[in-house]
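Presented below is the structure to which this report refers.
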Amino acid sequence: DVGFEVEAATWEVLLERAALVVAAEIVALEGVQASEAVRLEVAAGDREELLHDWLQTVLVRVQAGFVPCEVTAEAASATRVVATLRGEALDPRRHRVHGEVKGVTWHALAVEEIPGGLRARVILDV
């Protein structure tokens with residue numbers, strides 16, 4: 001398993017940063033071009049569930065061969081996010097693949113308010 005924490009001033013930015021961490025765990029994002037766009041919408045019951053489902057949705061896209069290098073959350077609440085991922089198709093000749101991430105776990109998953117914003121804690125099953 002691999003864990004990470006992300007901090008941001010806003011919920012939107014936290015979701016963007018966390019999505020890029022998940023993608024970077026699989027593929028080095030250096031050299032990935034923002035030549036294609038994929039729009040995603042995810043809804044859930046609360047903030048933690050949304051974070052989990054959002055990251056799992058991003059993970060599935062990366063597993064399917066789309067590598068995002070930019071993420072923009074156009075709208076986000078505690079129960080819904082609408083975002084655009086910009087990137088390109090995975091090309092093993094150009095992109096350095098780190099390894100496989102099987103899923104986003106629920107173990108120790110947390111979103112907490114901190115001075116100046118939010119912090120999320122996520123553990124990935126690798």
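Residues are named by chain letter and number: chains run A, B, ... in the order of the structure tokens, numbers start at 1 in each chain, and ligands are numbered from 1 in the order shown.
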
Leaving out Phe66 (chain A) and any residue of its chain fewer than 2 positions from it, which residues lie within 10 Å of it when counting only C-alpha atoms, given as a ChimeraX atom specification? /A:23,36-38,58-64,68-69,85-91

Keeping only N, CA, C and O atoms, write those residues as a CSV table (one decimal), in the first residue's frame.
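The resulting file, again26.csv, is reproduced below:
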```
chain,number,residue,atom,x,y,z
A,23,ALA,N,-2.6,9.7,-10.4
A,23,ALA,CA,-2.1,9.5,-11.7
A,23,ALA,C,-0.6,9.3,-11.7
A,23,ALA,O,0.0,8.4,-12.4
A,36,GLU,N,-5.7,16.2,-24.9
A,36,GLU,CA,-7.1,15.7,-25.0
A,36,GLU,C,-7.8,16.0,-23.6
A,36,GLU,O,-7.1,16.2,-22.6
A,37,ALA,N,-9.1,16.1,-23.7
A,37,ALA,CA,-9.9,16.4,-22.4
A,37,ALA,C,-10.9,15.4,-22.2
A,37,ALA,O,-11.6,14.9,-23.1
A,38,VAL,N,-11.1,15.0,-20.9
A,38,VAL,CA,-12.1,14.1,-20.5
A,38,VAL,C,-12.9,14.8,-19.3
A,38,VAL,O,-12.3,15.3,-18.4
A,58,VAL,N,-11.0,8.5,-11.3
A,58,VAL,CA,-9.7,8.9,-12.0
A,58,VAL,C,-8.8,7.7,-12.2
A,58,VAL,O,-8.2,7.5,-13.3
A,59,LEU,N,-8.7,6.9,-11.2
A,59,LEU,CA,-7.8,5.7,-11.4
A,59,LEU,C,-8.3,4.8,-12.5
A,59,LEU,O,-7.4,4.3,-13.3
A,60,VAL,N,-9.6,4.6,-12.6
A,60,VAL,CA,-10.1,3.7,-13.7
A,60,VAL,C,-9.7,4.3,-15.1
A,60,VAL,O,-9.4,3.6,-16.0
A,61,ARG,N,-9.8,5.7,-15.2
A,61,ARG,CA,-9.4,6.3,-16.5
A,61,ARG,C,-7.9,6.1,-16.8
A,61,ARG,O,-7.6,5.8,-17.9
A,62,VAL,N,-7.1,6.2,-15.8
A,62,VAL,CA,-5.6,6.0,-16.0
A,62,VAL,C,-5.4,4.5,-16.3
A,62,VAL,O,-4.6,4.2,-17.2
A,63,GLN,N,-6.1,3.6,-15.6
A,63,GLN,CA,-5.9,2.2,-15.9
A,63,GLN,C,-6.4,1.8,-17.4
A,63,GLN,O,-5.9,0.9,-18.0
A,64,ALA,N,-7.3,2.6,-17.9
A,64,ALA,CA,-7.8,2.4,-19.2
A,64,ALA,C,-6.9,3.1,-20.3
A,64,ALA,O,-7.2,3.0,-21.5
A,68,PRO,N,-3.8,11.9,-17.2
A,68,PRO,CA,-4.1,13.3,-17.0
A,68,PRO,C,-2.8,14.0,-16.5
A,68,PRO,O,-2.1,13.5,-15.6
A,69,CYS,N,-2.6,15.2,-17.0
A,69,CYS,CA,-1.5,16.0,-16.4
A,69,CYS,C,-2.0,17.3,-15.9
A,69,CYS,O,-1.3,18.1,-15.2
A,85,LEU,N,-10.3,16.6,-17.0
A,85,LEU,CA,-9.0,16.1,-16.9
A,85,LEU,C,-8.4,16.3,-18.3
A,85,LEU,O,-9.0,16.0,-19.3
A,86,ARG,N,-7.2,16.9,-18.4
A,86,ARG,CA,-6.5,17.1,-19.6
A,86,ARG,C,-5.2,16.3,-19.6
A,86,ARG,O,-4.5,16.2,-18.6
A,87,GLY,N,-5.0,15.6,-20.7
A,87,GLY,CA,-3.8,14.7,-20.8
A,87,GLY,C,-3.8,14.1,-22.2
A,87,GLY,O,-4.2,14.6,-23.1
A,88,GLU,N,-3.3,12.8,-22.2
A,88,GLU,CA,-3.2,12.1,-23.4
A,88,GLU,C,-3.2,10.6,-23.2
A,88,GLU,O,-3.0,10.1,-22.0
A,89,ALA,N,-3.3,9.8,-24.3
A,89,ALA,CA,-3.2,8.4,-24.2
A,89,ALA,C,-1.8,7.9,-23.7
A,89,ALA,O,-0.8,8.5,-24.1
A,90,LEU,N,-1.8,6.9,-22.9
A,90,LEU,CA,-0.6,6.4,-22.4
A,90,LEU,C,0.2,5.8,-23.6
A,90,LEU,O,-0.3,5.1,-24.4
A,91,ASP,N,1.5,6.2,-23.7
A,91,ASP,CA,2.4,5.7,-24.7
A,91,ASP,C,3.6,5.2,-24.0
A,91,ASP,O,4.5,6.0,-23.6
```

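Inside region 7-64 of chain A, the residues DSSP reads as strand (DSSP E or B) when given the backbone are Glu7, Ala8, Val27, Glu36, Ala37, Val38, Arg39, Leu40, Glu41, Val42 and Ala43 of chain A.
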
Kindly export the residues of the current selection with N, CA and C atoms, as a PDB file, in the first residue's frame.
```
ATOM      1  N   GLU A   7      -2.858  18.784   0.896  1.00  0.00           N
ATOM      2  CA  GLU A   7      -3.438  19.954   1.532  1.00  0.00           C
ATOM      3  C   GLU A   7      -3.754  20.996   0.472  1.00  0.00           C
ATOM      4  N   ALA A   8      -4.824  21.744   0.708  1.00  0.00           N
ATOM      5  CA  ALA A   8      -5.211  22.804  -0.225  1.00  0.00           C
ATOM      6  C   ALA A   8      -6.105  23.798   0.505  1.00  0.00           C
ATOM      7  N   VAL A  27       2.095   6.695 -13.501  1.00  0.00           N
ATOM      8  CA  VAL A  27       2.880   7.184 -14.638  1.00  0.00           C
ATOM      9  C   VAL A  27       3.550   8.499 -14.255  1.00  0.00           C
ATOM     10  N   GLU A  36      -5.748  16.158 -24.939  1.00  0.00           N
ATOM     11  CA  GLU A  36      -7.116  15.653 -24.951  1.00  0.00           C
ATOM     12  C   GLU A  36      -7.793  16.020 -23.631  1.00  0.00           C
ATOM     13  N   ALA A  37      -9.121  16.105 -23.654  1.00  0.00           N
ATOM     14  CA  ALA A  37      -9.867  16.428 -22.433  1.00  0.00           C
ATOM     15  C   ALA A  37     -10.937  15.379 -22.177  1.00  0.00           C
ATOM     16  N   VAL A  38     -11.100  15.035 -20.913  1.00  0.00           N
ATOM     17  CA  VAL A  38     -12.130  14.104 -20.469  1.00  0.00           C
ATOM     18  C   VAL A  38     -12.886  14.792 -19.344  1.00  0.00           C
ATOM     19  N   ARG A  39     -14.196  14.842 -19.456  1.00  0.00           N
ATOM     20  CA  ARG A  39     -15.029  15.464 -18.422  1.00  0.00           C
ATOM     21  C   ARG A  39     -15.605  14.361 -17.543  1.00  0.00           C
ATOM     22  N   LEU A  40     -15.504  14.545 -16.235  1.00  0.00           N
ATOM     23  CA  LEU A  40     -16.011  13.569 -15.277  1.00  0.00           C
ATOM     24  C   LEU A  40     -16.971  14.235 -14.311  1.00  0.00           C
ATOM     25  N   GLU A  41     -17.976  13.487 -13.914  1.00  0.00           N
ATOM     26  CA  GLU A  41     -18.895  13.933 -12.867  1.00  0.00           C
ATOM     27  C   GLU A  41     -19.087  12.774 -11.906  1.00  0.00           C
ATOM     28  N   VAL A  42     -18.878  13.041 -10.629  1.00  0.00           N
ATOM     29  CA  VAL A  42     -18.997  12.006  -9.601  1.00  0.00           C
ATOM     30  C   VAL A  42     -19.845  12.563  -8.468  1.00  0.00           C
ATOM     31  N   ALA A  43     -20.767  11.739  -7.982  1.00  0.00           N
ATOM     32  CA  ALA A  43     -21.611  12.125  -6.846  1.00  0.00           C
ATOM     33  C   ALA A  43     -21.503  11.058  -5.765  1.00  0.00           C
TER      34      ALA A  43
END
```

What's the 8 Å shell around Ala73 (chain A), counting only C-alpha atoms, without same-chain residues fewer than 6 positions away, as an NGL selection string? :A and (12-13 or 15-16 or 81-84)

Write to file, as a PDB file, in the first residue's frame, the residues of the selection just made, with N, CA and C atoms.
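Saved to part.pdb:
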```pdb
ATOM      1  N   GLU A  12     -12.044  22.224  -4.086  1.00  0.00           N
ATOM      2  CA  GLU A  12     -11.783  22.006  -5.510  1.00  0.00           C
ATOM      3  C   GLU A  12     -10.309  21.707  -5.751  1.00  0.00           C
ATOM      4  N   VAL A  13      -9.444  22.517  -5.188  1.00  0.00           N
ATOM      5  CA  VAL A  13      -8.003  22.335  -5.391  1.00  0.00           C
ATOM      6  C   VAL A  13      -7.525  21.038  -4.748  1.00  0.00           C
ATOM      7  N   LEU A  15      -9.262  18.264  -4.481  1.00  0.00           N
ATOM      8  CA  LEU A  15      -9.659  17.189  -5.399  1.00  0.00           C
ATOM      9  C   LEU A  15      -8.746  17.140  -6.621  1.00  0.00           C
ATOM     10  N   GLU A  16      -8.373  18.292  -7.144  1.00  0.00           N
ATOM     11  CA  GLU A  16      -7.466  18.352  -8.297  1.00  0.00           C
ATOM     12  C   GLU A  16      -6.117  17.749  -7.953  1.00  0.00           C
ATOM     13  N   VAL A  81     -18.730  16.410  -7.673  1.00  0.00           N
ATOM     14  CA  VAL A  81     -17.658  17.124  -8.365  1.00  0.00           C
ATOM     15  C   VAL A  81     -17.855  16.959  -9.865  1.00  0.00           C
ATOM     16  N   VAL A  82     -17.653  18.054 -10.577  1.00  0.00           N
ATOM     17  CA  VAL A  82     -17.616  18.061 -12.033  1.00  0.00           C
ATOM     18  C   VAL A  82     -16.247  18.610 -12.399  1.00  0.00           C
ATOM     19  N   ALA A  83     -15.502  17.847 -13.180  1.00  0.00           N
ATOM     20  CA  ALA A  83     -14.126  18.249 -13.469  1.00  0.00           C
ATOM     21  C   ALA A  83     -13.715  17.828 -14.873  1.00  0.00           C
ATOM     22  N   THR A  84     -12.676  18.494 -15.366  1.00  0.00           N
ATOM     23  CA  THR A  84     -12.085  18.151 -16.650  1.00  0.00           C
ATOM     24  C   THR A  84     -10.651  17.712 -16.419  1.00  0.00           C
TER      25      THR A  84
END
```

Of A:Ala28, A:Val2, A:Ala75, A:Leu50, the one sitting nearest Leu124 (chain A) when using only C-alpha atoms is A:Val2

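In this comparison, which uses only C-alpha atoms, the residue of A:Thr72, A:Gln56, A:Ser77, A:Gln33 approaching Asp125 (chain A) most closely is A:Gln56.
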